[in-house]
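This report concerns only the one structure given below.
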Amino acid sequence: MHLLHKTVTIVLLFLFVKYLKCNAEFESSSFNIKIAKHKSPFEVLINSVKELKTYGIDFTNILTENRTNDSVALYRYLDNEYYAQIRVGKPSQPMNVAFDTAWTATWLMSEQCPWTTIGCIGHDKYDHSKSNLYKKDGRQFKIEDEGYNLTGFFSYDVLYVSHINVTDQMFVEMTSVPYTYIFSKLDGVIGLGLQIDAYVPFFYNLIQQKKIENPLFSIYLNRDKQSDHGGNIILGFIEKRHIHSHKDSNNQTIYDDILYLPIKSGTYWQFDLDKVFLNGSKDANITLCSSGCTALTDTSSNSIYGPKDQVDQIHNNINAKPWLLGRYSVACDTISKLPEIIFYIGGKPFSLKGRDYTIQMTWHSLSICLSAFIGDNSLNNMWGLGGAFLSEYYSIYDLGNKQIGFVKAA
């Protein structure tokens with residue numbers, strides 16, 4: 001997942017990005033939301049350095065320093081390619097959002113975001129004065145962490161997602177967002193995290209308002225990196241066509257078994273990770289997280305986050321070199337030879353090949369292959385599994401049984 005006036009020249013920044021196309025499918029009492037895929041905001045950023053100076057932003061120092069924790073915060077906003085369109089209010093107002101398992105609250109950019117806030121430029125913004133169903137709350141919301149700032153206030157309105165609507169959904173109208181949102185098509189976030197206080201998240205409201213029968217959702221991210229189709233957020237059911245299968249001797253389809261694990265208490269969809277294993281690396285086989293650790297899923301990012309010392313070992317063994325903003329690059333012609341990296345979860349191996357944990361992007365007409373791994377000094381025995389992992393494994397979020405499931409994606 002996180003992770004927000006118009007001028008003529010701002011168009012230059014968006015010539016690098018394809019416009020979102022979104023539609024939805026209806027299936028009985030469950031809902032299938034198609035999500036689209038764009039170039040990541042990070043790729044737009046590094047190809048737009050000259051244009052940034054028009055707005056008083058100089059990334060010269062940022063691009064040459066080896067960033068650490070603040071880079072992790074930045075990538076929450078720069079590393080997401082996946083978006084869907086929702087509608088808010090009545091009459092409805094369209095907005096592009098990410099569905100984020102690492103956030104609990106839902107938030108949307110507000111029309112009250114001042115024109116001096118660069119991150120709001122070029123975005124659709126929610127105007128509560130135009131909605132007949134808006135209800136005022138007014139309590140303030142503010143997060144300041146690792147160099148970014150999210151500030152706003154709470155409101156209520158109806159959210160239309162696919163063929164479904166949630167009435168009286170509380171969300172934050174953001175009036176201040178990081179400048180990095182100028183590179184993103186993202187106008188807000190639908191939080192799919194777990195409820196920990198009086199705030200009722202979007203998915204919980206779906207259940208309470210009886211909009212879906214089964215209290216679960218599942219996420220499929222398309223592995224085809226050349227496709228604009230990003231995948232599906234599936235509310236209320238498990239879609240078998242996204243599960244890897246084979247034919248038995250009677251030509252019957254046999255689907256792989258889903259591995260379920262209990263989730264830990266807290267805001268995130270957290271679970272136990274047994275270990276991380278590098279198979280056939282240059283230093284022979286290496287085991288990380290050898291005594292077990294905690295992992296969570298993060299649909300706001302394409303990356304895999306881990307403790308910096310352990311990610312450094314991975315980068316050393318795949319011959320990755322420091323690049324920009326704390327990212328590491330590998331030679332594109334070596335991807336097929338990179339070692340397999342295996343996450344052991346619930347005693348079962350979930351493997352990633354080199355093509356799975358590298359991200360190819362364009363930088364000023366050059367092809368760059370980046371490692372999907374990002375080290376973070378603040379992560380103590382914690383791993384965050386983003387799109388690089390979730391595009392290989394279909395994930396199921398079973399709120400009713402307080403468990404999370406993984407299975408090889410089709």
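Ordering of the structure tokens sets the chain letters (A, B, ...); residue numbers start at 1 within each chain; ligands are numbered from 1 in the order shown.
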Name the residues of range 130-374 of chain A that come out as strand (DSSP E) in a backbone DSSP run; write them as JSON, numbers by chain.
{"A": [135, 136, 137, 138, 139, 140, 141, 142, 143, 144, 145, 148, 149, 150, 151, 152, 153, 154, 155, 156, 157, 158, 159, 160, 161, 164, 165, 166, 167, 168, 169, 170, 171, 172, 173, 174, 175, 176, 188, 189, 190, 191, 216, 217, 218, 219, 220, 221, 229, 230, 231, 232, 233, 234, 235, 245, 246, 247, 253, 254, 255, 259, 260, 261, 262, 270, 271, 272, 273, 275, 276, 277, 278, 279, 280, 281, 284, 285, 286, 287, 288, 293, 294, 295, 296, 297, 304, 305, 306, 307, 321, 322, 328, 329, 330, 340, 341, 342, 343, 344, 345, 348, 349, 350, 351, 352, 358, 359, 360, 361, 362, 363, 366, 367, 368, 369, 370, 371, 373, 374]}
Please provide the set of residues having any atom within 8 Å of range 273-276 of chain A, restricted to only C-alpha atoms, with same-chain residues fewer than 5 positions apart removed, written as number ranges by chain.
A: 287-295, 341-347
Keeping N, CA and C atoms, export the residues of the selection given above as a compact mmCIF listing (two decimals), in the first residue's frame.
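Full text of out_34.txt as output:
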```
# COMPACT_ATOMS: atom_id res chain seq x y z
N THR A 287 20.56 -18.57 5.54
CA THR A 287 19.27 -18.52 6.21
C THR A 287 19.15 -17.22 7.00
N LEU A 288 18.11 -16.48 6.73
CA LEU A 288 17.79 -15.26 7.46
C LEU A 288 16.56 -15.51 8.32
N CYS A 289 16.35 -14.67 9.31
CA CYS A 289 15.18 -14.85 10.19
C CYS A 289 15.18 -16.27 10.73
N SER A 290 16.35 -16.75 11.14
CA SER A 290 16.53 -18.16 11.46
C SER A 290 15.75 -18.62 12.68
N SER A 291 15.45 -17.70 13.59
CA SER A 291 14.68 -18.06 14.79
C SER A 291 13.21 -17.69 14.66
N GLY A 292 12.81 -17.37 13.46
CA GLY A 292 11.43 -16.96 13.23
C GLY A 292 11.24 -15.47 13.41
N CYS A 293 10.29 -14.92 12.69
CA CYS A 293 10.00 -13.49 12.80
C CYS A 293 8.54 -13.27 12.41
N THR A 294 8.17 -12.01 12.34
CA THR A 294 6.80 -11.64 12.00
C THR A 294 6.77 -11.02 10.61
N ALA A 295 5.73 -11.33 9.85
CA ALA A 295 5.56 -10.74 8.52
C ALA A 295 4.17 -10.14 8.41
N ILE A 341 14.96 -17.22 -3.74
CA ILE A 341 14.77 -16.78 -2.35
C ILE A 341 13.45 -17.37 -1.87
N ILE A 342 13.52 -18.09 -0.75
CA ILE A 342 12.36 -18.85 -0.29
C ILE A 342 11.91 -18.34 1.07
N PHE A 343 10.64 -17.99 1.17
CA PHE A 343 10.03 -17.63 2.44
C PHE A 343 9.30 -18.87 2.97
N TYR A 344 9.70 -19.33 4.14
CA TYR A 344 9.03 -20.48 4.74
C TYR A 344 7.94 -19.98 5.68
N ILE A 345 6.71 -20.32 5.34
CA ILE A 345 5.55 -19.85 6.09
C ILE A 345 4.70 -21.07 6.44
N GLY A 346 4.41 -21.25 7.71
CA GLY A 346 3.61 -22.40 8.12
C GLY A 346 4.25 -23.71 7.73
N GLY A 347 5.59 -23.73 7.68
CA GLY A 347 6.32 -24.94 7.33
C GLY A 347 6.40 -25.22 5.84
```
Find the residues near Ser176 in chain A: any atom within 7 Å, counting only C-alpha atoms, skip ones fewer than 5 places away on the same chain, and give them as a list of chain:residue names.
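That gives A:Leu4, A:Cys113, A:Thr117, A:Asn149, A:Leu150, A:Thr151, A:Gly152.
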Give me a file of those residues, with N, CA and C atoms, as a compact mmCIF listing (two decimals), in the first residue's frame.
```txt
# COMPACT_ATOMS: atom_id res chain seq x y z
N LEU A 4 -0.41 12.90 -0.87
CA LEU A 4 -1.55 13.43 -1.30
C LEU A 4 -1.17 14.88 -1.07
N CYS A 113 -7.78 21.11 0.47
CA CYS A 113 -6.31 21.08 0.37
C CYS A 113 -5.87 22.34 -0.37
N THR A 117 -0.21 23.36 -1.56
CA THR A 117 0.22 22.00 -1.25
C THR A 117 0.48 21.25 -2.55
N ASN A 149 4.03 14.07 5.98
CA ASN A 149 2.98 14.65 6.80
C ASN A 149 1.63 14.39 6.15
N LEU A 150 0.73 13.83 6.91
CA LEU A 150 -0.66 13.65 6.47
C LEU A 150 -1.54 14.34 7.50
N THR A 151 -2.28 15.35 7.06
CA THR A 151 -3.12 16.12 7.96
C THR A 151 -4.51 16.28 7.35
N GLY A 152 -5.54 16.18 8.19
CA GLY A 152 -6.90 16.36 7.69
C GLY A 152 -7.91 16.31 8.81
```
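Taking only C-alpha atoms, the non-local environment of Asn377 in chain A within 7 Å (same-chain residues fewer than 2 positions away omitted) comprises Asn69, Pro307, Lys308, Gly375 and Leu379 of chain A.
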8 Å contact set for range 189-196 of chain A, only C-alpha atoms, chain neighbours under 6 positions out, as a PyMOL selection string:
chain A and resi 2+97-108+202-204+266-269
Residue among A:Gly122, A:Gly386, A:Gly89, A:Gly231 lying closest to Tyr156 in chain A, counting only C-alpha atoms:
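Smallest distance to Tyr156 in chain A is found for A:Gly89.
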Polymer residues at most 10 Å from Phe237 in chain A, only C-alpha atoms, same-chain spacing of 4 or more positions, as a PDB file with N, CA and C atoms, in the first residue's frame:
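In the end it all went to part-v4.pdb:
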```pdb
ATOM      1  N   GLU A  27     -20.880 -10.460  -9.060  1.00  0.00           N
ATOM      2  CA  GLU A  27     -21.078 -11.891  -8.886  1.00  0.00           C
ATOM      3  C   GLU A  27     -21.889 -12.131  -7.622  1.00  0.00           C
ATOM      4  N   SER A  29     -23.661 -12.172  -4.305  1.00  0.00           N
ATOM      5  CA  SER A  29     -23.516 -11.312  -3.127  1.00  0.00           C
ATOM      6  C   SER A  29     -22.053 -11.030  -2.827  1.00  0.00           C
ATOM      7  N   SER A  30     -21.231 -11.046  -3.822  1.00  0.00           N
ATOM      8  CA  SER A  30     -19.822 -10.716  -3.668  1.00  0.00           C
ATOM      9  C   SER A  30     -19.425  -9.826  -4.830  1.00  0.00           C
ATOM     10  N   PHE A  31     -18.270  -9.201  -4.714  1.00  0.00           N
ATOM     11  CA  PHE A  31     -17.926  -8.156  -5.658  1.00  0.00           C
ATOM     12  C   PHE A  31     -16.471  -8.259  -6.079  1.00  0.00           C
ATOM     13  N   ASN A  32     -16.255  -8.076  -7.370  1.00  0.00           N
ATOM     14  CA  ASN A  32     -14.938  -8.215  -7.967  1.00  0.00           C
ATOM     15  C   ASN A  32     -14.521  -6.866  -8.536  1.00  0.00           C
ATOM     16  N   ILE A 212     -22.060  -7.937   2.019  1.00  0.00           N
ATOM     17  CA  ILE A 212     -21.461  -9.186   1.551  1.00  0.00           C
ATOM     18  C   ILE A 212     -21.821 -10.288   2.544  1.00  0.00           C
ATOM     19  N   GLU A 213     -21.900 -11.527   2.059  1.00  0.00           N
ATOM     20  CA  GLU A 213     -22.278 -12.642   2.927  1.00  0.00           C
ATOM     21  C   GLU A 213     -21.096 -13.155   3.727  1.00  0.00           C
ATOM     22  N   ASN A 214     -19.959 -13.317   3.080  1.00  0.00           N
ATOM     23  CA  ASN A 214     -18.799 -13.914   3.734  1.00  0.00           C
ATOM     24  C   ASN A 214     -17.806 -12.833   4.158  1.00  0.00           C
ATOM     25  N   PRO A 215     -17.388 -12.827   5.417  1.00  0.00           N
ATOM     26  CA  PRO A 215     -16.489 -11.779   5.915  1.00  0.00           C
ATOM     27  C   PRO A 215     -15.033 -12.020   5.521  1.00  0.00           C
ATOM     28  N   LEU A 216     -14.788 -12.006   4.224  1.00  0.00           N
ATOM     29  CA  LEU A 216     -13.422 -12.169   3.741  1.00  0.00           C
ATOM     30  C   LEU A 216     -13.256 -11.408   2.437  1.00  0.00           C
ATOM     31  N   PHE A 217     -12.007 -11.125   2.111  1.00  0.00           N
ATOM     32  CA  PHE A 217     -11.676 -10.588   0.792  1.00  0.00           C
ATOM     33  C   PHE A 217     -10.392 -11.249   0.335  1.00  0.00           C
ATOM     34  N   SER A 218     -10.139 -11.190  -0.943  1.00  0.00           N
ATOM     35  CA  SER A 218      -8.917 -11.779  -1.485  1.00  0.00           C
ATOM     36  C   SER A 218      -8.325 -10.839  -2.525  1.00  0.00           C
ATOM     37  N   ILE A 396      -5.621 -14.427   0.761  1.00  0.00           N
ATOM     38  CA  ILE A 396      -7.000 -14.439   1.256  1.00  0.00           C
ATOM     39  C   ILE A 396      -7.007 -13.876   2.674  1.00  0.00           C
ATOM     40  N   TYR A 397      -7.900 -12.935   2.934  1.00  0.00           N
ATOM     41  CA  TYR A 397      -7.971 -12.247   4.219  1.00  0.00           C
ATOM     42  C   TYR A 397      -9.313 -12.596   4.863  1.00  0.00           C
ATOM     43  N   ASP A 398      -9.281 -13.584   5.742  1.00  0.00           N
ATOM     44  CA  ASP A 398     -10.488 -14.168   6.323  1.00  0.00           C
ATOM     45  C   ASP A 398     -10.720 -13.554   7.702  1.00  0.00           C
TER      46      ASP A 398
END
```
Option closest in space to Ala410 in chain A, from A:Ser391, A:Ser378, A:Gln112, A:Asn317 [counting only C-alpha atoms]:
A:Ser391
